[in-house]
Amino acid sequence: MASLIGSYSLSFGLLFSFFIIFFSIKNLKNSENLDKKIISFSFLQFFIVVISFLGLIVSFITSDFTNETVFNHSHTTKPLFYKISGTWGNHEGSLLLWLLVLTLFVLIFLLKSREQPKKYRIFTLLFQQIIIIGFFVFLIKTSSPFNFIFPAPKEGLGLNPILQDPALAIHPPILYLGYVGSSIIFSSALAAMVTTYVSKEWAKHIKQWVLISWIFLTLGILLGSIWAYYELGWGGFWFWDPVENVSLMPWFALTTLLHCIIVLEKKGILASWAMILSIATFALSMSGTFLVRSGILNSVHTFANDPERGLFILIFLFLLIFLSIFIFFFFHSNKEKIEINFSWLSKETSILVNNWFMMYFLSVVLIGTIYPIFLEVLTSNKISVGPPFYNKLMLPFLIPFLFAMAIGPRLKWIKSDIQDKLYMFILLIVSFLISALIIKEFDVSFLINTILVSSAFFLFFVTLRDFFIKKFKNLSQNIAHFGFSLLILSILLNNFFSTEVITNLKIGETFKSEKFSINFVNVDQENGKNFKSIVGKFNVQHPDGSIDVLNPELRIYNQPNIVTSEADIKTNFFTDKFITMNYVQNQEYFNIRYQVKPLMIWIWISVIILSFAGLLSILKKRYEI
Amino acid sequence: MRLLQIFLIIIFIFNLNLLKANEIQTENKIAKNLRCLICQGQSVYDSDSEFALSLKLVISNKIDEGMTEEQIYDFLKSKYGEWILYDPVLSRNTYFLWLLPILIFFAGGVIIVRKFYIKKQS
């Protein structure tokens, strides 16, 4: 029943798109004000997609297996929370969520843009409706969440256990808020070009959307990363997996746009570049969806792959890109009399440097991700591009980038001097000494590591000092750069100082090393709602006599019948202790992986600081720079 | 302009440094650079699959036999194809992969300098 309602409302929702387009075009010609009907219809469209989405959620909650999506991805014994989150833990449902957020955002846009010109608002709505129609058709034609099965199966196939996890329940919605926010930026940029509204005012207005999308994208990536850390069992949080890259690329583009838009807002230059970035951000979000959904990429995320779907997204994406190129070349008149009156040392330059490096990082990730695909198609040679590639191409460039991040915000518009040269120099020396002291014992490419860490420390100290000197001036910017320095520092130090032991232990055995001993005390059996688990008890004794008790788990899920290994992690501000156990076939041994990972929690904290800086910037009405 | 040149040269040298720097020959390091062929997006080091376990054994045997890291990579490459290496070797197939980003970086620099800093004088 719920499925049926969902299905009908979905088709009905598409109908509203045509009403909205009809009234919008009519509204363009007459009257000064935006027709109220347009907002009402947008609300109705949103409402009806909500109904459709609720229909799917209810089908999941009631385990209505006449619905194909529910049958494929749910099971009666699954906990309620994961029945609900399972709604978007699959291809069809996640697209319905996309659509839901799309209609929600366009409504918010209409309500929040009252002070903007009418024509611009209507054109944004029109472009957004093109995207919305595309997604409606995509959903209804290739990925309907409401396909009917007869006769109804008794039991569903269940949700992949590694997706049954709180972080992963909210990861997709948060990430989508970021992706879909970029669609508003896209439509708005096209509308601004068509109505020749690309201006300081536009920049000021769209910056809010850039910030919102950026915050959600950042948090979405963070959640995925945290999940990978504790769920995948190898203690890493980023593997340069193609699907991770696909979310990182729009992030780079958005971050670039975030900086570029400041120049447009304050100085009225870089308009064309801002247009290109707005288009690119959305194109990257879309092609990410294409790459994931088409199954071209080999990754844990490819839970649905179907060439027809890939083809649809590809064609749709090309249409949108052609449309934007057309508008860019025929409507966007570069009227800005480029009055380039800024010197080498100015805020303009520093932002250009940011854009330059960001684009480089983006191109590394882009090429690293798609090059193997092209190579395989053209020459049928299969190559892998993994972490070493990205480290080699990105880390050296991070050094000047970090320095620029420290110095850039201190510069003034047009022409500037580096202030407090002496202080900066002292901070540089201090950073270098600290880094050399930290890296000292490790001979692994000592020089580059020291310089890398000292550049991060330099940014750290400079921003830290600015909190006291500048107080509330440029607070959000300073917090963001501070957060970034903290992020890089924790990643680097975590990388250098992580230690790991992999060993096989029987119950009762003890593994001894110079720094600690691991005692495998016993195993217990426990029952969860849809799994049985074997819980190990390990005592890890440190040289100072303190003992950590760690309880990693092996879970045997009932449907689908999959064994997962759940890590146990003891976290404090200095270090994470991470343990997993795995069953060794036909033996009484367990494979134990024990890791000590310093500063792990600071990686998460620094990303949260970054997003907080974005939030602060939105809340502050007057953006200071 | 001079400043930029020096700056770019320094970056380039660092880059070369890093390319050469990976010389620690441990089993773990090799295993981290190998794709676990039967897993989805995991290295041999990170995986506990049978394939990964047996490959770790192969690596440690080869090290005992006195093979260098490069030789082990070559050996595995000839056996499983380039797909297994996470660190693609610079070859005819991968010139673009390695050099295109660097080219883009330089091109970007040139565009910025020409557009914003050189016109000013004319």
# chains A, B, ... in the order shown; residues from 1 in each chain; ligands from 1
>>> select_by_dssp(residues="region 26-79 of chain B", states="helix (DSSP H, G or I)", output="JSON, numbers by chain")
{"B": [27, 28, 29, 30, 31, 32, 50, 51, 52, 53, 54, 55, 56, 57, 58, 59, 60, 61, 62, 63, 64, 69, 70, 71, 72, 73, 74, 75, 76, 77, 78, 79]}
>>> interface_residues(of="chain B", to="chain A", cutoff="6 Å", atoms="only C-alpha atoms", output="MDAnalysis selection string")
chainID B and resid 15 21 40:41 46 82:83 85:87 101 105
>>> residues_around(residues="Ser199 (chain A)", least_positions_apart="5", cutoff="8 Å", atoms="only C-alpha atoms", output="PyMOL selection string")
chain A and resi 264-265+268+271
>>> write_last_selection(atoms="C-alpha atoms", output="PDB file, in the first residue's frame")
ATOM      1  CA  LEU A 264      34.480  38.402  -7.049  1.00  0.00           C
ATOM      2  CA  GLU A 265      32.521  39.771  -4.124  1.00  0.00           C
ATOM      3  CA  GLY A 268      34.437  42.297  -9.013  1.00  0.00           C
ATOM      4  CA  ALA A 271      33.807  36.404 -12.771  1.00  0.00           C
TER       5      ALA A 271
END
>>> residues_around(residues="region 53-61 of chain B", least_positions_apart="2", cutoff="8 Å", atoms="only C-alpha atoms", output="list in words")
Glu27, Ile30, Ala31, Val44, Tyr45, Ser47, Asp48, Ser49, Glu50, Phe51, Ile63, Asp64, Glu65 and Ile72 of chain B
>>> write_last_selection(atoms="N, CA and C atoms", output="tab-separated table (two decimals), in the first residue's frame")
chain	number	residue	atom	x	y	z
B	27	GLU	N	59.08	-6.10	3.98
B	27	GLU	CA	57.97	-6.84	3.42
B	27	GLU	C	56.69	-6.00	3.46
B	30	ILE	N	56.37	-3.40	0.74
B	30	ILE	CA	55.99	-3.99	-0.54
B	30	ILE	C	54.52	-4.37	-0.53
B	31	ALA	N	54.11	-5.00	0.57
B	31	ALA	CA	52.72	-5.46	0.65
B	31	ALA	C	51.75	-4.28	0.58
B	44	VAL	N	47.35	-5.62	-0.28
B	44	VAL	CA	47.68	-6.95	0.23
B	44	VAL	C	47.95	-6.87	1.72
B	45	TYR	N	48.62	-5.79	2.11
B	45	TYR	CA	48.98	-5.61	3.51
B	45	TYR	C	47.74	-5.52	4.39
B	47	SER	N	44.74	-6.62	3.82
B	47	SER	CA	43.74	-7.66	3.67
B	47	SER	C	44.14	-8.93	4.42
B	48	ASP	N	43.14	-9.65	4.87
B	48	ASP	CA	43.40	-10.94	5.51
B	48	ASP	C	42.89	-12.09	4.66
B	49	SER	N	42.64	-11.80	3.39
B	49	SER	CA	42.14	-12.87	2.53
B	49	SER	C	43.25	-13.87	2.26
B	50	GLU	N	42.85	-15.05	1.79
B	50	GLU	CA	43.84	-16.09	1.54
B	50	GLU	C	44.86	-15.65	0.51
B	51	PHE	N	44.36	-14.96	-0.51
B	51	PHE	CA	45.26	-14.47	-1.55
B	51	PHE	C	46.34	-13.58	-0.94
B	63	ILE	N	62.29	-12.11	-0.39
B	63	ILE	CA	63.27	-11.27	0.30
B	63	ILE	C	64.39	-12.16	0.83
B	64	ASP	N	64.01	-13.30	1.39
B	64	ASP	CA	65.03	-14.23	1.89
B	64	ASP	C	65.94	-14.72	0.78
B	65	GLU	N	65.35	-14.88	-0.42
B	65	GLU	CA	66.17	-15.32	-1.55
B	65	GLU	C	67.13	-14.23	-2.00
B	72	ILE	N	61.23	-7.88	-6.94
B	72	ILE	CA	59.99	-8.51	-6.49
B	72	ILE	C	58.78	-7.92	-7.23
>>> closest_atom_pairs(of="region 476-546 of chain A", to="region 594-597 of chain A", cutoff="8 Å", atoms="only C-alpha atoms", output="Markdown table")
| residue | atom | partner | partner_atom | distance |
| --- | --- | --- | --- | --- |
| A:Asn494 | CA | A:Lys597 | CA | 6.0 |
| A:Phe497 | CA | A:Lys597 | CA | 7.1 |
| A:Ser498 | CA | A:Lys597 | CA | 4.6 |
| A:Thr499 | CA | A:Val596 | CA | 5.3 |
| A:Glu500 | CA | A:Gln595 | CA | 4.3 |
| A:Val501 | CA | A:Tyr594 | CA | 5.2 |
| A:Ile502 | CA | A:Tyr594 | CA | 6.4 |
>>> write_last_selection(atoms="C-alpha atoms", output="mmCIF file, in the first residue's frame")
data_model
loop_
_atom_site.group_PDB
_atom_site.id
_atom_site.type_symbol
_atom_site.label_atom_id
_atom_site.label_comp_id
_atom_site.auth_asym_id
_atom_site.auth_seq_id
_atom_site.Cartn_x
_atom_site.Cartn_y
_atom_site.Cartn_z
ATOM 1 C CA ASN A 494 49.843 9.680 12.609
ATOM 2 C CA PHE A 497 54.354 7.133 14.316
ATOM 3 C CA SER A 498 51.713 4.465 13.860
ATOM 4 C CA THR A 499 52.915 1.066 14.916
ATOM 5 C CA GLU A 500 51.332 -2.227 14.193
ATOM 6 C CA VAL A 501 51.577 -5.856 15.140
ATOM 7 C CA ILE A 502 50.009 -8.685 13.203
#
